[in-house]
$ cat my_file19.csv   # CSV, C-alpha atoms and all ligand atoms
chain,number,residue,atom,x,y,z
A,807,MET,CA,114.8,92.1,70.7
A,808,LYS,CA,113.9,95.7,71.6
A,809,ILE,CA,111.2,97.7,73.4
A,810,THR,CA,109.7,100.0,70.8
A,811,ARG,CA,107.0,101.8,72.7
A,812,ALA,CA,105.6,102.1,76.3
A,813,LYS,CA,102.2,103.6,76.8
A,814,VAL,CA,100.6,104.7,80.0
A,815,ILE,CA,96.8,104.2,80.1
A,816,VAL,CA,94.6,105.9,82.7
A,817,THR,CA,91.1,104.7,83.0
A,818,CYS,CA,88.2,104.8,85.6
A,819,PRO,CA,85.9,101.9,85.0
A,820,GLY,CA,84.3,102.1,88.5
A,821,ARG,CA,87.6,103.4,90.0
A,822,ASN,CA,90.9,104.8,88.7
A,823,PHE,CA,93.6,102.5,87.3
A,824,VAL,CA,97.0,103.3,85.8
A,825,THR,CA,98.3,100.7,83.4
A,826,LEU,CA,101.6,100.4,81.5
A,827,LYS,CA,101.7,98.6,78.1
A,828,ILE,CA,105.2,97.8,76.8
A,829,GLU,CA,105.5,96.9,73.1
A,830,THR,CA,108.4,95.2,71.3
A,831,ASP,CA,109.8,94.9,67.8
A,832,GLN,CA,108.6,91.2,67.8
A,833,GLY,CA,104.9,92.1,68.2
A,834,VAL,CA,104.7,90.7,71.8
A,835,TYR,CA,103.5,93.2,74.4
A,836,GLY,CA,103.3,93.1,78.2
A,837,ILE,CA,100.9,94.8,80.7
A,838,GLY,CA,101.8,96.2,84.1
A,839,ASP,CA,99.8,97.9,86.9
A,840,ALA,CA,101.0,101.2,88.3
A,841,THR,CA,97.9,102.3,90.3
A,842,LEU,CA,98.6,104.3,93.5
A,843,ASN,CA,95.3,105.0,95.1
A,844,GLY,CA,94.6,108.8,95.5
A,845,ARG,CA,98.0,109.7,94.0
A,846,GLU,CA,97.6,108.2,90.5
A,847,LEU,CA,98.8,111.0,88.4
A,848,ALA,CA,102.2,111.2,90.2
A,849,VAL,CA,103.0,107.7,88.9
A,850,VAL,CA,101.7,108.7,85.4
A,851,SER,CA,104.2,111.5,85.3
A,852,TYR,CA,107.0,109.4,86.8
A,853,LEU,CA,106.5,106.8,84.1
A,854,GLU,CA,105.9,109.1,81.1
A,855,ASP,CA,108.4,111.7,81.9
A,856,HIS,CA,111.2,109.7,83.5
A,857,VAL,CA,110.9,106.0,82.8
A,858,VAL,CA,109.4,105.5,79.3
A,859,PRO,CA,112.2,107.5,77.6
A,860,CYS,CA,114.8,105.2,79.3
A,861,LEU,CA,113.1,102.0,78.2
A,862,ILE,CA,112.9,102.6,74.4
A,863,GLY,CA,115.5,100.4,72.6
A,864,ARG,CA,116.3,98.2,75.6
A,865,ASP,CA,116.1,94.4,75.5
A,866,PRO,CA,112.9,93.5,77.4
A,867,ARG,CA,114.4,90.1,78.2
A,868,ARG,CA,116.9,91.7,80.7
A,869,ILE,CA,114.3,92.0,83.5
A,870,GLU,CA,116.8,92.0,86.3
A,871,ASP,CA,119.1,94.6,84.7
A,872,ILE,CA,116.2,96.9,83.9
A,873,TRP,CA,115.0,96.6,87.5
A,874,GLN,CA,118.4,97.5,88.9
A,875,TYR,CA,118.7,100.3,86.3
A,876,LEU,CA,115.5,101.9,87.4
A,877,TYR,CA,116.1,101.3,91.2
A,878,ARG,CA,119.8,102.0,91.6
A,879,GLY,CA,120.2,104.1,88.5
A,880,ALA,CA,117.7,106.8,89.6
A,881,TYR,CA,119.8,107.4,92.7
A,882,TRP,CA,116.5,108.2,94.6
A,883,ARG,CA,115.5,104.8,95.9
A,884,ARG,CA,112.3,103.5,97.4
A,885,GLY,CA,109.0,105.3,97.9
A,886,PRO,CA,105.5,104.4,96.7
A,887,VAL,CA,105.7,106.4,93.4
A,888,THR,CA,109.1,105.1,92.3
A,889,MET,CA,108.3,101.5,93.3
A,890,ARG,CA,104.9,101.4,91.6
A,891,ALA,CA,106.5,102.7,88.4
A,892,ILE,CA,109.2,100.0,88.7
A,893,ALA,CA,106.6,97.4,89.5
A,894,ALA,CA,104.6,98.2,86.4
A,895,VAL,CA,107.7,97.8,84.1
A,896,ASP,CA,108.6,94.6,85.9
A,897,MET,CA,105.1,93.0,85.5
A,898,ALA,CA,105.0,93.9,81.8
A,899,LEU,CA,108.5,92.4,81.2
A,900,TRP,CA,107.6,89.2,83.0
A,901,ASP,CA,104.4,89.1,80.9
A,902,ILE,CA,106.5,89.5,77.7
A,903,LYS,CA,109.0,86.8,78.7
A,904,ALA,CA,106.4,84.3,79.6
A,905,LYS,CA,104.5,85.0,76.4
A,906,MET,CA,107.7,84.5,74.4
A,907,ALA,CA,108.3,81.2,76.3
A,908,GLY,CA,104.7,80.2,75.6
A,909,MET,CA,104.3,79.5,79.3
A,910,PRO,CA,101.9,80.7,82.1
A,911,LEU,CA,104.0,83.0,84.3
A,912,TYR,CA,104.0,80.5,87.2
A,913,ASP,CA,105.9,78.0,85.1
A,914,LEU,CA,108.6,80.6,84.4
A,915,LEU,CA,108.9,81.3,88.1
A,916,GLY,CA,109.6,77.7,88.9
A,917,GLY,CA,106.2,75.9,88.4
A,918,LYS,CA,103.2,75.5,90.7
A,919,SER,CA,103.6,74.6,94.3
A,920,ARG,CA,99.8,74.3,94.7
A,921,ASP,CA,96.7,73.8,92.5
A,922,ARG,CA,94.7,76.7,93.9
A,923,VAL,CA,95.1,79.8,96.0
A,924,MET,CA,93.0,80.3,99.1
A,925,VAL,CA,91.5,83.8,99.3
A,926,TYR,CA,89.8,85.9,101.9
A,927,GLY,CA,86.9,88.2,101.3
A,928,HIS,CA,86.1,91.5,103.0
A,929,ALA,CA,82.8,91.4,104.9
A,930,ASN,CA,81.5,94.6,106.4
A,931,GLY,CA,78.3,96.0,108.0
A,932,ARG,CA,77.1,99.1,109.8
A,933,ASP,CA,76.7,97.0,112.9
A,934,ILE,CA,77.5,93.6,114.3
A,935,ALA,CA,74.3,92.0,112.9
A,936,GLU,CA,75.0,93.3,109.4
A,937,THR,CA,78.6,92.0,109.5
A,938,VAL,CA,77.6,88.6,110.8
A,939,ASP,CA,75.1,88.4,107.9
A,940,ALA,CA,77.8,89.5,105.4
A,941,VAL,CA,80.2,86.8,106.7
A,942,GLY,CA,77.3,84.3,106.1
A,943,GLN,CA,77.0,85.4,102.5
A,944,TYR,CA,80.7,84.8,102.0
A,945,ILE,CA,80.4,81.4,103.5
A,946,ASP,CA,77.5,80.6,101.2
A,947,MET,CA,79.7,81.6,98.2
A,948,GLY,CA,82.3,79.0,99.3
A,949,TYR,CA,84.9,81.3,101.1
A,950,LYS,CA,87.0,79.6,103.7
A,951,ALA,CA,88.4,82.8,105.0
A,952,ILE,CA,86.7,86.1,105.7
A,953,ARG,CA,87.9,89.4,107.1
A,954,ALA,CA,85.3,91.0,109.2
A,955,GLN,CA,84.9,94.8,109.9
A,956,THR,CA,82.0,96.6,111.5
A,957,GLY,CA,80.7,100.0,112.2
A,958,ILE,CA,81.4,101.0,115.8
A,959,PRO,CA,78.8,103.0,117.8
A,960,GLY,CA,80.0,106.6,118.2
A,961,ILE,CA,82.6,106.5,115.4
A,962,LYS,CA,81.9,108.2,112.1
A,963,ASP,CA,82.7,105.7,109.2
A,964,ALA,CA,85.1,103.3,110.9
A,965,TYR,CA,87.6,101.7,108.6
A,966,GLY,CA,86.3,98.9,106.3
A,967,VAL,CA,82.6,99.7,106.3
A,968,GLY,CA,81.5,100.6,102.8
A,969,ARG,CA,78.5,100.8,100.7
A,970,GLY,CA,76.7,97.5,100.8
A,971,THR,CA,78.2,94.6,102.7
A,972,LEU,CA,80.3,92.7,100.1
A,973,PHE,CA,81.9,95.7,98.4
A,974,TYR,CA,84.4,98.2,99.8
A,975,GLU,CA,85.8,101.2,98.1
A,976,PRO,CA,87.6,103.7,100.3
A,977,ALA,CA,88.5,106.3,97.7
A,978,ASP,CA,85.2,108.0,97.7
A,979,ALA,CA,85.4,111.7,97.1
A,980,ALA,CA,87.1,114.4,95.0
A,981,LEU,CA,88.7,115.7,98.1
A,982,PRO,CA,89.5,113.6,101.2
A,983,SER,CA,86.4,113.0,103.3
A,984,GLU,CA,86.9,113.0,107.1
A,985,THR,CA,86.2,109.9,109.2
A,986,GLY,CA,86.5,109.5,113.0
A,987,TRP,CA,88.4,107.2,115.4
A,988,ASP,CA,88.2,106.4,119.1
A,989,THR,CA,90.3,103.5,120.3
A,990,ARG,CA,88.4,103.1,123.5
A,991,LYS,CA,85.1,102.5,121.7
A,992,ALA,CA,86.8,100.1,119.2
A,993,LEU,CA,88.4,98.0,122.0
A,994,ASN,CA,85.0,97.7,123.6
A,995,HIS,CA,83.3,96.7,120.4
A,996,ILE,CA,85.6,94.5,118.1
A,997,PRO,CA,85.8,91.5,120.5
A,998,LYS,CA,82.0,91.4,120.6
A,999,LEU,CA,81.9,91.0,116.8
A,1000,PHE,CA,84.2,88.0,116.9
A,1001,ASP,CA,82.3,86.5,119.8
A,1002,LYS,CA,79.1,86.6,117.8
A,1003,LEU,CA,80.8,85.3,114.6
A,1004,ARG,CA,82.3,82.3,116.4
A,1005,GLU,CA,79.0,81.7,118.2
A,1006,THR,CA,77.1,81.8,114.8
A,1007,TYR,CA,79.5,80.0,112.5
A,1008,GLY,CA,81.8,78.0,114.7
A,1009,PHE,CA,85.5,77.6,114.3
A,1010,ASP,CA,85.8,75.9,110.9
A,1011,TYR,CA,86.3,79.2,109.0
A,1012,HIS,CA,89.3,81.4,109.1
A,1013,LEU,CA,88.4,84.9,110.4
A,1014,LEU,CA,90.7,87.9,109.9
A,1015,HIS,CA,90.5,91.6,111.1
A,1016,ASP,CA,92.2,94.8,109.9
A,1017,GLY,CA,93.2,97.4,112.5
A,1018,HIS,CA,94.3,99.8,109.7
A,1019,HIS,CA,97.2,101.2,111.7
A,1020,ARG,CA,94.8,102.7,114.3
A,1021,TYR,CA,96.3,101.4,117.5
A,1022,THR,CA,99.4,102.2,119.5
A,1023,PRO,CA,101.6,99.1,120.2
A,1024,GLN,CA,100.2,98.7,123.7
A,1025,GLU,CA,96.6,99.1,122.5
A,1026,ALA,CA,97.3,96.6,119.7
A,1027,ALA,CA,98.7,94.1,122.2
A,1028,ASN,CA,95.5,94.5,124.2
A,1029,LEU,CA,93.3,93.9,121.2
A,1030,GLY,CA,95.4,90.9,120.1
A,1031,ARG,CA,95.0,89.4,123.6
A,1032,MET,CA,91.3,90.0,123.8
A,1033,LEU,CA,90.8,88.3,120.4
A,1034,GLU,CA,92.8,85.2,121.4
A,1035,PRO,CA,89.7,83.2,122.3
A,1036,TYR,CA,88.4,83.6,118.7
A,1037,GLN,CA,91.5,82.1,117.1
A,1038,LEU,CA,92.0,84.6,114.2
A,1039,PHE,CA,93.9,83.7,111.1
A,1040,TRP,CA,95.5,87.1,111.5
A,1041,LEU,CA,95.2,90.6,113.0
A,1042,GLU,CA,96.3,93.0,110.2
A,1043,ASP,CA,98.1,96.3,110.4
A,1044,CYS,CA,97.5,96.5,114.2
A,1045,THR,CA,100.0,99.4,114.5
A,1046,PRO,CA,102.0,101.6,112.1
A,1047,ALA,CA,105.2,99.8,111.0
A,1048,GLU,CA,107.6,102.6,110.2
A,1049,ASN,CA,109.1,101.7,113.5
A,1050,GLN,CA,109.5,97.9,113.0
A,1051,GLU,CA,110.6,97.5,116.6
A,1052,ALA,CA,107.0,98.5,117.6
A,1053,PHE,CA,105.8,95.0,116.8
A,1054,ARG,CA,108.0,93.5,119.5
A,1055,LEU,CA,105.8,94.9,122.2
A,1056,VAL,CA,102.7,93.5,120.5
A,1057,ARG,CA,104.4,90.2,119.9
A,1058,GLN,CA,105.4,89.8,123.5
A,1059,HIS,CA,101.8,90.1,124.7
A,1060,THR,CA,99.7,88.1,122.3
A,1061,VAL,CA,99.7,84.9,120.3
A,1062,THR,CA,97.2,86.3,117.8
A,1063,PRO,CA,99.0,86.0,114.5
A,1064,LEU,CA,100.2,89.3,113.1
A,1065,ALA,CA,100.2,90.5,109.5
A,1066,VAL,CA,101.5,93.7,108.0
A,1067,GLY,CA,102.9,95.1,104.7
A,1068,GLU,CA,100.3,96.5,102.3
A,1069,ILE,CA,102.0,99.9,102.3
A,1070,PHE,CA,105.6,98.4,102.2
A,1071,ASN,CA,107.7,99.3,99.1
A,1072,THR,CA,110.8,97.3,99.6
A,1073,ILE,CA,112.5,94.5,101.6
A,1074,TRP,CA,113.9,97.2,103.8
A,1075,ASP,CA,110.5,98.0,105.2
A,1076,ALA,CA,110.2,94.4,106.4
A,1077,LYS,CA,113.7,93.3,107.2
A,1078,ASP,CA,113.7,93.7,111.0
A,1079,LEU,CA,110.1,92.4,111.3
A,1080,ILE,CA,111.1,89.3,109.4
A,1081,GLU,CA,114.5,88.7,110.9
A,1082,ASN,CA,113.2,89.1,114.4
A,1083,GLN,CA,110.1,87.0,113.7
A,1084,LEU,CA,107.8,89.8,114.8
A,1085,ILE,CA,105.1,88.9,112.3
A,1086,ASP,CA,103.5,85.8,110.9
A,1087,TYR,CA,102.4,87.1,107.4
A,1088,ILE,CA,104.0,89.6,105.1
A,1089,ARG,CA,101.4,91.5,103.0
A,1090,ALA,CA,103.5,93.2,100.4
A,1091,THR,CA,102.2,92.7,96.9
A,1092,VAL,CA,103.4,92.9,93.3
A,1093,VAL,CA,102.4,96.5,92.5
A,1094,GLY,CA,103.4,97.9,96.0
A,1095,ALA,CA,106.8,96.3,96.3
A,1096,GLY,CA,108.5,96.7,93.0
A,1097,GLY,CA,107.1,93.9,91.0
A,1098,LEU,CA,107.7,90.1,90.9
A,1099,THR,CA,111.5,90.6,90.8
A,1100,HIS,CA,111.5,92.3,94.2
A,1101,LEU,CA,108.6,90.5,95.9
A,1102,ARG,CA,110.4,87.2,95.3
A,1103,ARG,CA,113.3,88.5,97.4
A,1104,ILE,CA,111.0,89.5,100.2
A,1105,ALA,CA,109.2,86.1,100.2
A,1106,ASP,CA,112.5,84.2,100.1
A,1107,LEU,CA,113.8,86.2,103.2
A,1108,ALA,CA,110.5,85.5,104.9
A,1109,SER,CA,110.7,81.8,104.2
A,1110,LEU,CA,113.8,81.5,106.3
A,1111,TYR,CA,111.8,82.4,109.3
A,1112,GLN,CA,108.6,80.5,108.5
A,1113,ILE,CA,106.7,83.7,107.7
A,1114,ARG,CA,104.2,83.3,105.0
A,1115,THR,CA,102.8,85.6,102.3
A,1116,GLY,CA,99.4,87.3,102.3
A,1117,CYS,CA,99.3,89.7,99.3
A,1118,HIS,CA,97.2,92.8,99.5
A,1119,GLY,CA,94.4,92.6,97.0
A,1120,ALA,CA,91.9,95.5,97.6
A,1121,THR,CA,89.9,96.9,94.7
A,1122,ASP,CA,92.6,99.6,94.0
A,1123,LEU,CA,95.0,96.9,92.9
A,1124,SER,CA,94.0,96.3,89.3
A,1125,PRO,CA,93.2,92.9,87.8
A,1126,VAL,CA,96.7,93.0,86.3
A,1127,THR,CA,98.2,93.0,89.8
A,1128,MET,CA,95.7,90.2,90.8
A,1129,GLY,CA,96.8,88.1,87.8
A,1130,CYS,CA,100.5,88.5,88.7
A,1131,ALA,CA,99.8,87.9,92.4
A,1132,LEU,CA,98.0,84.6,91.5
A,1133,HIS,CA,100.9,83.3,89.5
A,1134,PHE,CA,103.3,84.4,92.3
A,1135,ASP,CA,100.9,82.7,94.9
A,1136,SER,CA,100.7,79.5,92.8
A,1137,TRP,CA,104.5,79.3,92.8
A,1138,VAL,CA,105.8,80.7,96.1
A,1139,PRO,CA,106.7,77.9,98.6
A,1140,ASN,CA,105.7,79.9,101.7
A,1141,PHE,CA,102.3,81.0,100.6
A,1142,GLY,CA,99.7,81.9,103.3
A,1143,ILE,CA,96.6,83.5,101.8
A,1144,GLN,CA,95.6,86.0,99.1
A,1145,GLU,CA,93.2,89.0,99.7
A,1146,TYR,CA,90.5,89.1,97.1
A,1147,MET,CA,88.1,92.1,96.9
A,1148,ARG,CA,85.9,91.6,93.9
A,1149,HIS,CA,86.2,94.3,91.2
A,1150,ALA,CA,83.3,96.1,89.7
A,1151,GLU,CA,81.8,94.6,86.5
A,1152,GLU,CA,83.1,97.5,84.4
A,1153,THR,CA,86.6,96.9,85.7
A,1154,ASP,CA,86.5,93.3,84.8
A,1155,ALA,CA,85.3,94.2,81.3
A,1156,VAL,CA,88.2,96.6,80.7
A,1157,PHE,CA,90.8,94.0,82.0
A,1158,PRO,CA,89.9,90.7,80.4
A,1159,HIS,CA,91.6,88.0,82.5
A,1160,ASP,CA,91.8,84.2,82.7
A,1161,TYR,CA,91.8,83.7,86.5
A,1162,ARG,CA,88.6,82.5,88.1
A,1163,PHE,CA,87.0,82.0,91.6
A,1164,ASP,CA,86.0,78.5,92.6
A,1165,ASP,CA,84.7,77.6,96.0
A,1166,GLY,CA,86.8,79.9,98.1
A,1167,TYR,CA,89.9,79.6,95.9
A,1168,LEU,CA,91.3,81.6,92.9
A,1169,ILE,CA,92.8,79.6,90.1
A,1170,CYS,CA,95.2,81.3,87.7
A,1171,GLY,CA,94.8,80.6,84.0
A,1172,GLU,CA,97.0,78.7,81.7
A,1173,SER,CA,97.5,81.2,78.9
A,1174,PRO,CA,101.0,82.4,78.2
A,1175,GLY,CA,102.0,85.4,80.3
A,1176,HIS,CA,100.2,86.6,83.4
A,1177,GLY,CA,96.8,86.2,81.7
A,1178,VAL,CA,95.5,89.8,82.0
A,1179,ASP,CA,95.0,92.2,79.1
A,1180,ILE,CA,93.5,95.7,78.7
A,1181,ASP,CA,90.8,96.6,76.2
A,1182,GLU,CA,92.1,100.0,75.3
A,1183,ALA,CA,89.0,101.1,73.3
A,1184,LEU,CA,86.8,100.4,76.3
A,1185,ALA,CA,89.3,101.9,78.7
A,1186,ALA,CA,89.1,105.2,76.8
A,1187,LYS,CA,85.4,105.4,77.5
A,1188,TYR,CA,86.1,105.9,81.3
A,1189,PRO,CA,88.1,109.1,81.9
A,1190,TYR,CA,90.1,109.7,85.1
A,1191,LYS,CA,88.0,111.0,88.0
A,1192,PRO,CA,89.9,112.5,91.0
A,1193,ALA,CA,89.2,110.3,94.1
A,1194,TYR,CA,90.9,110.5,97.4
A,1195,LEU,CA,91.2,108.1,100.4
A,1196,PRO,CA,89.6,109.6,103.5
A,1197,VAL,CA,91.5,110.9,106.5
A,1198,ALA,CA,90.7,110.0,110.1
A,1199,ARG,CA,90.5,112.4,113.1
A,1200,LEU,CA,90.1,111.8,116.8
A,1201,ASN,CA,87.2,113.4,118.7
A,1202,ASP,CA,89.3,116.5,119.5
A,1203,GLY,CA,90.2,117.0,115.8
A,1204,THR,CA,93.7,115.4,115.9
A,1205,ILE,CA,94.6,113.8,112.6
A,1206,TRP,CA,95.0,110.0,113.2
A,1207,ASN,CA,96.5,107.1,111.4
A,1208,TRP,CA,94.6,105.8,108.4
B,1301,LIG,O1,94.2,102.0,99.0
B,1301,LIG,C1,94.0,101.7,100.3
B,1301,LIG,C2,93.3,100.3,100.4
B,1301,LIG,O2,93.9,99.4,99.5
B,1301,LIG,C3,93.3,99.8,101.8
B,1301,LIG,O3,92.7,100.7,102.6
B,1301,LIG,C4,92.5,98.5,101.9
B,1301,LIG,O4,93.5,98.0,104.0
B,1301,LIG,C5,93.0,97.6,103.0
B,1301,LIG,C6,93.1,96.2,102.7
B,1301,LIG,O5,93.6,95.5,103.5
B,1301,LIG,O6,92.6,95.8,101.6
B,1302,MG,MG,94.5,96.4,105.2

$ encode --input "my_file19.csv" --output "structure tokens" --more "lines below"
Ligand code: KDG
Ligand code: MG
Amino acid sequence: MKITRAKVIVTCPGRNFVTLKIETDQGVYGIGDATLNGRELAVVSYLEDHVVPCLIGRDPRRIEDIWQYLYRGAYWRRGPVTMRAIAAVDMALWDIKAKMAGMPLYDLLGGKSRDRVMVYGHANGRDIAETVDAVGQYIDMGYKAIRAQTGIPGIKDAYGVGRGTLFYEPADAALPSETGWDTRKALNHIPKLFDKLRETYGFDYHLLHDGHHRYTPQEAANLGRMLEPYQLFWLEDCTPAENQEAFRLVRQHTVTPLAVGEIFNTIWDAKDLIENQLIDYIRATVVGAGGLTHLRRIADLASLYQIRTGCHGATDLSPVTMGCALHFDSWVPNFGIQEYMRHAEETDAVFPHDYRFDDGYLICGESPGHGVDIDEALAAKYPYKPAYLPVARLNDGTIWNW
């Protein structure tokens, strides 16, 4: 069996996506996601110029060998561009193998460990009242877990507050827009949001919050401690994790569960966090961390320390990643939760898929492979549109973490 062709498809049905389609001499094809928000065309070039030529003629069944070939063989390891390209190839190859086997992907991974996958939605509002209302709308839709973000008085466009209350799309302009940050104001305001949420909806629902790397370790520890009375499911990305040791300080001061990893590329980004039990949830996902082949390794290491998974699932991760993540979530023994930001209708139309939402859970389909396809004719109707993530600045103009 041989790979005969690999095609990179760029489309913008509501937002940009980069998709890899690998075709074989046996008529079976596989689909992978390679989207890197705000830096899409770098991955397109990496794939078209440096990966696709090396794939033609290879046996697509040798998933592990091809992964190692692209990772070790390039000499230049790791990094978001490299690992997204590898992830796209890996997803497509698992898709091909599962289609050949006539199995849904979760069966090939080892079979289901659960019937359905608990997801969390992203509720936001310009102020506390709007966010409380948005959380209520998620509860009405059946969600058991909701991440709550709110506008903060005196901060221009705080993270997580988008157009409308149930939809969030951070890549919003042809050049990066500028948002603000002020930790003092955030520390004053965020606990009030969770106080109101618990007062309104009680303690039966899981509540989450994303700090989006804005706090220093000491500030994050302070926030974690102030949020303890509200029993969060997790506090996400409370401080940057390039220095994995930073989480020790946060950990020492709060029992609020900690989650991190949406920008991690490999197991090396998480090794110290996991081995020292500095986090409770690892948020790496299929497209970010080198595909299913590598994500499995991260999850297995985490399982030794009772750390559970919580895959990133924002709108910039295409339905292809969501499909793969759901097969992974259905199988992985140490599953925690899955993020689920709904895609625009145009996105769903370009990527026909067999997963479905039911009462706060996503359920992956039974069709062979990962269950997500691409309608190429429809995709061609939505040309690429440059869109950047914003940057954040402090009041004095200093660039801050985003
Ligand atoms: O591309 C960046 C987004 O995926 C990110 O800002 C969303 O933090 C995010 C999340 O947790 O979904
Ligand atoms: Mg996040």

$ residues_around --input "my_file19.csv" --residues "range 1100-1102 of chain A" --least-positions-apart "2" --cutoff "12 Å" --atoms "all atoms listed in the file" --output "PyMOL selection string"
chain A and resi 869-870+873-874+877+884+889-890+892-894+896-897+915-916+1067+1070-1074+1076+1088-1098+1104-1109+1115-1117+1130-1131+1133-1135+1137-1141

$ write_last_selection --input "my_file19.csv" --atoms "C-alpha atoms" --output "PDB file, in the coordinates of the input"
ATOM      1  CA  ILE A 869     114.300  92.000  83.500  1.00  0.00           C
ATOM      2  CA  GLU A 870     116.800  92.000  86.300  1.00  0.00           C
ATOM      3  CA  TRP A 873     115.000  96.600  87.500  1.00  0.00           C
ATOM      4  CA  GLN A 874     118.400  97.500  88.900  1.00  0.00           C
ATOM      5  CA  TYR A 877     116.100 101.300  91.200  1.00  0.00           C
ATOM      6  CA  ARG A 884     112.300 103.500  97.400  1.00  0.00           C
ATOM      7  CA  MET A 889     108.300 101.500  93.300  1.00  0.00           C
ATOM      8  CA  ARG A 890     104.900 101.400  91.600  1.00  0.00           C
ATOM      9  CA  ILE A 892     109.200 100.000  88.700  1.00  0.00           C
ATOM     10  CA  ALA A 893     106.600  97.400  89.500  1.00  0.00           C
ATOM     11  CA  ALA A 894     104.600  98.200  86.400  1.00  0.00           C
ATOM     12  CA  ASP A 896     108.600  94.600  85.900  1.00  0.00           C
ATOM     13  CA  MET A 897     105.100  93.000  85.500  1.00  0.00           C
ATOM     14  CA  LEU A 915     108.900  81.300  88.100  1.00  0.00           C
ATOM     15  CA  GLY A 916     109.600  77.700  88.900  1.00  0.00           C
ATOM     16  CA  GLY A1067     102.900  95.100 104.700  1.00  0.00           C
ATOM     17  CA  PHE A1070     105.600  98.400 102.200  1.00  0.00           C
ATOM     18  CA  ASN A1071     107.700  99.300  99.100  1.00  0.00           C
ATOM     19  CA  THR A1072     110.800  97.300  99.600  1.00  0.00           C
ATOM     20  CA  ILE A1073     112.500  94.500 101.600  1.00  0.00           C
ATOM     21  CA  TRP A1074     113.900  97.200 103.800  1.00  0.00           C
ATOM     22  CA  ALA A1076     110.200  94.400 106.400  1.00  0.00           C
ATOM     23  CA  ILE A1088     104.000  89.600 105.100  1.00  0.00           C
ATOM     24  CA  ARG A1089     101.400  91.500 103.000  1.00  0.00           C
ATOM     25  CA  ALA A1090     103.500  93.200 100.400  1.00  0.00           C
ATOM     26  CA  THR A1091     102.200  92.700  96.900  1.00  0.00           C
ATOM     27  CA  VAL A1092     103.400  92.900  93.300  1.00  0.00           C
ATOM     28  CA  VAL A1093     102.400  96.500  92.500  1.00  0.00           C
ATOM     29  CA  GLY A1094     103.400  97.900  96.000  1.00  0.00           C
ATOM     30  CA  ALA A1095     106.800  96.300  96.300  1.00  0.00           C
ATOM     31  CA  GLY A1096     108.500  96.700  93.000  1.00  0.00           C
ATOM     32  CA  GLY A1097     107.100  93.900  91.000  1.00  0.00           C
ATOM     33  CA  LEU A1098     107.700  90.100  90.900  1.00  0.00           C
ATOM     34  CA  ILE A1104     111.000  89.500 100.200  1.00  0.00           C
ATOM     35  CA  ALA A1105     109.200  86.100 100.200  1.00  0.00           C
ATOM     36  CA  ASP A1106     112.500  84.200 100.100  1.00  0.00           C
ATOM     37  CA  LEU A1107     113.800  86.200 103.200  1.00  0.00           C
ATOM     38  CA  ALA A1108     110.500  85.500 104.900  1.00  0.00           C
ATOM     39  CA  SER A1109     110.700  81.800 104.200  1.00  0.00           C
ATOM     40  CA  THR A1115     102.800  85.600 102.300  1.00  0.00           C
ATOM     41  CA  GLY A1116      99.400  87.300 102.300  1.00  0.00           C
ATOM     42  CA  CYS A1117      99.300  89.700  99.300  1.00  0.00           C
ATOM     43  CA  CYS A1130     100.500  88.500  88.700  1.00  0.00           C
ATOM     44  CA  ALA A1131      99.800  87.900  92.400  1.00  0.00           C
ATOM     45  CA  HIS A1133     100.900  83.300  89.500  1.00  0.00           C
ATOM     46  CA  PHE A1134     103.300  84.400  92.300  1.00  0.00           C
ATOM     47  CA  ASP A1135     100.900  82.700  94.900  1.00  0.00           C
ATOM     48  CA  TRP A1137     104.500  79.300  92.800  1.00  0.00           C
ATOM     49  CA  VAL A1138     105.800  80.700  96.100  1.00  0.00           C
ATOM     50  CA  PRO A1139     106.700  77.900  98.600  1.00  0.00           C
ATOM     51  CA  ASN A1140     105.700  79.900 101.700  1.00  0.00           C
ATOM     52  CA  PHE A1141     102.300  81.000 100.600  1.00  0.00           C
TER      53      PHE A1141
END

$ residues_near_ligand --input "my_file19.csv" --ligand "ligand MG 1302 (chain B)" --cutoff "9 Å" --atoms "only C-alpha atoms and all ligand atoms" --output "list in words"
Gly966, His1015, Asp1016, Gly1017, His1018, His1019, Glu1042, Asp1043, Val1066, Gly1067, Glu1068, Ile1069, Arg1089, His1118 and Ala1120 of chain A

$ atom_distance --input "my_file19.csv" --atom1 "CA of Lys808 in chain A" --atom2 "CA of Thr830 in chain A"
5.5 Å

$ residues_near_point --input "my_file19.csv" --point "(88.8, 110.4, 89.6)" --cutoff "7 Å" --atoms "only C-alpha atoms" --output "ChimeraX atom specification"
/A:818,822,980,1190-1193

$ atom_distance --input "my_file19.csv" --atom1 "CA of Val887 in chain A" --atom2 "CA of His856 in chain A"
11.8 Å

$ closest_atom_pairs --input "my_file19.csv" --of "range 974-1085 of chain A" --to "range 841-851 of chain A" --cutoff "10 Å" --atoms "all atoms listed in the file" --output "Markdown table"
| residue | atom | partner | partner_atom | distance |
| --- | --- | --- | --- | --- |
| A:Pro976 | CA | A:Asn843 | CA | 9.4 |
| A:Ala977 | CA | A:Gly844 | CA | 6.9 |
| A:Asp978 | CA | A:Gly844 | CA | 9.7 |
| A:Ala979 | CA | A:Gly844 | CA | 9.8 |
| A:Ala980 | CA | A:Gly844 | CA | 9.4 |
| A:Leu981 | CA | A:Gly844 | CA | 9.4 |
| A:Pro982 | CA | A:Gly844 | CA | 9.0 |

$ closest_residue --input "my_file19.csv" --among "A:Leu1064, A:Leu1168, A:Ile1080, A:Ala954" --to "Arg1004 in chain A" --atoms "only C-alpha atoms"
A:Ala954

$ residues_around --input "my_file19.csv" --residues "range 929-940 of chain A" --least-positions-apart "5" --cutoff "8 Å" --atoms "all atoms listed in the file" --output "list in words"
Ile952, Arg953, Ala954, Gln955, Thr956, Gly957, Ile958, Gly966, Val967, Gly968, Gly970, Thr971, Leu972, Phe973, Leu999, Lys1002, Leu1003 and Thr1006 of chain A
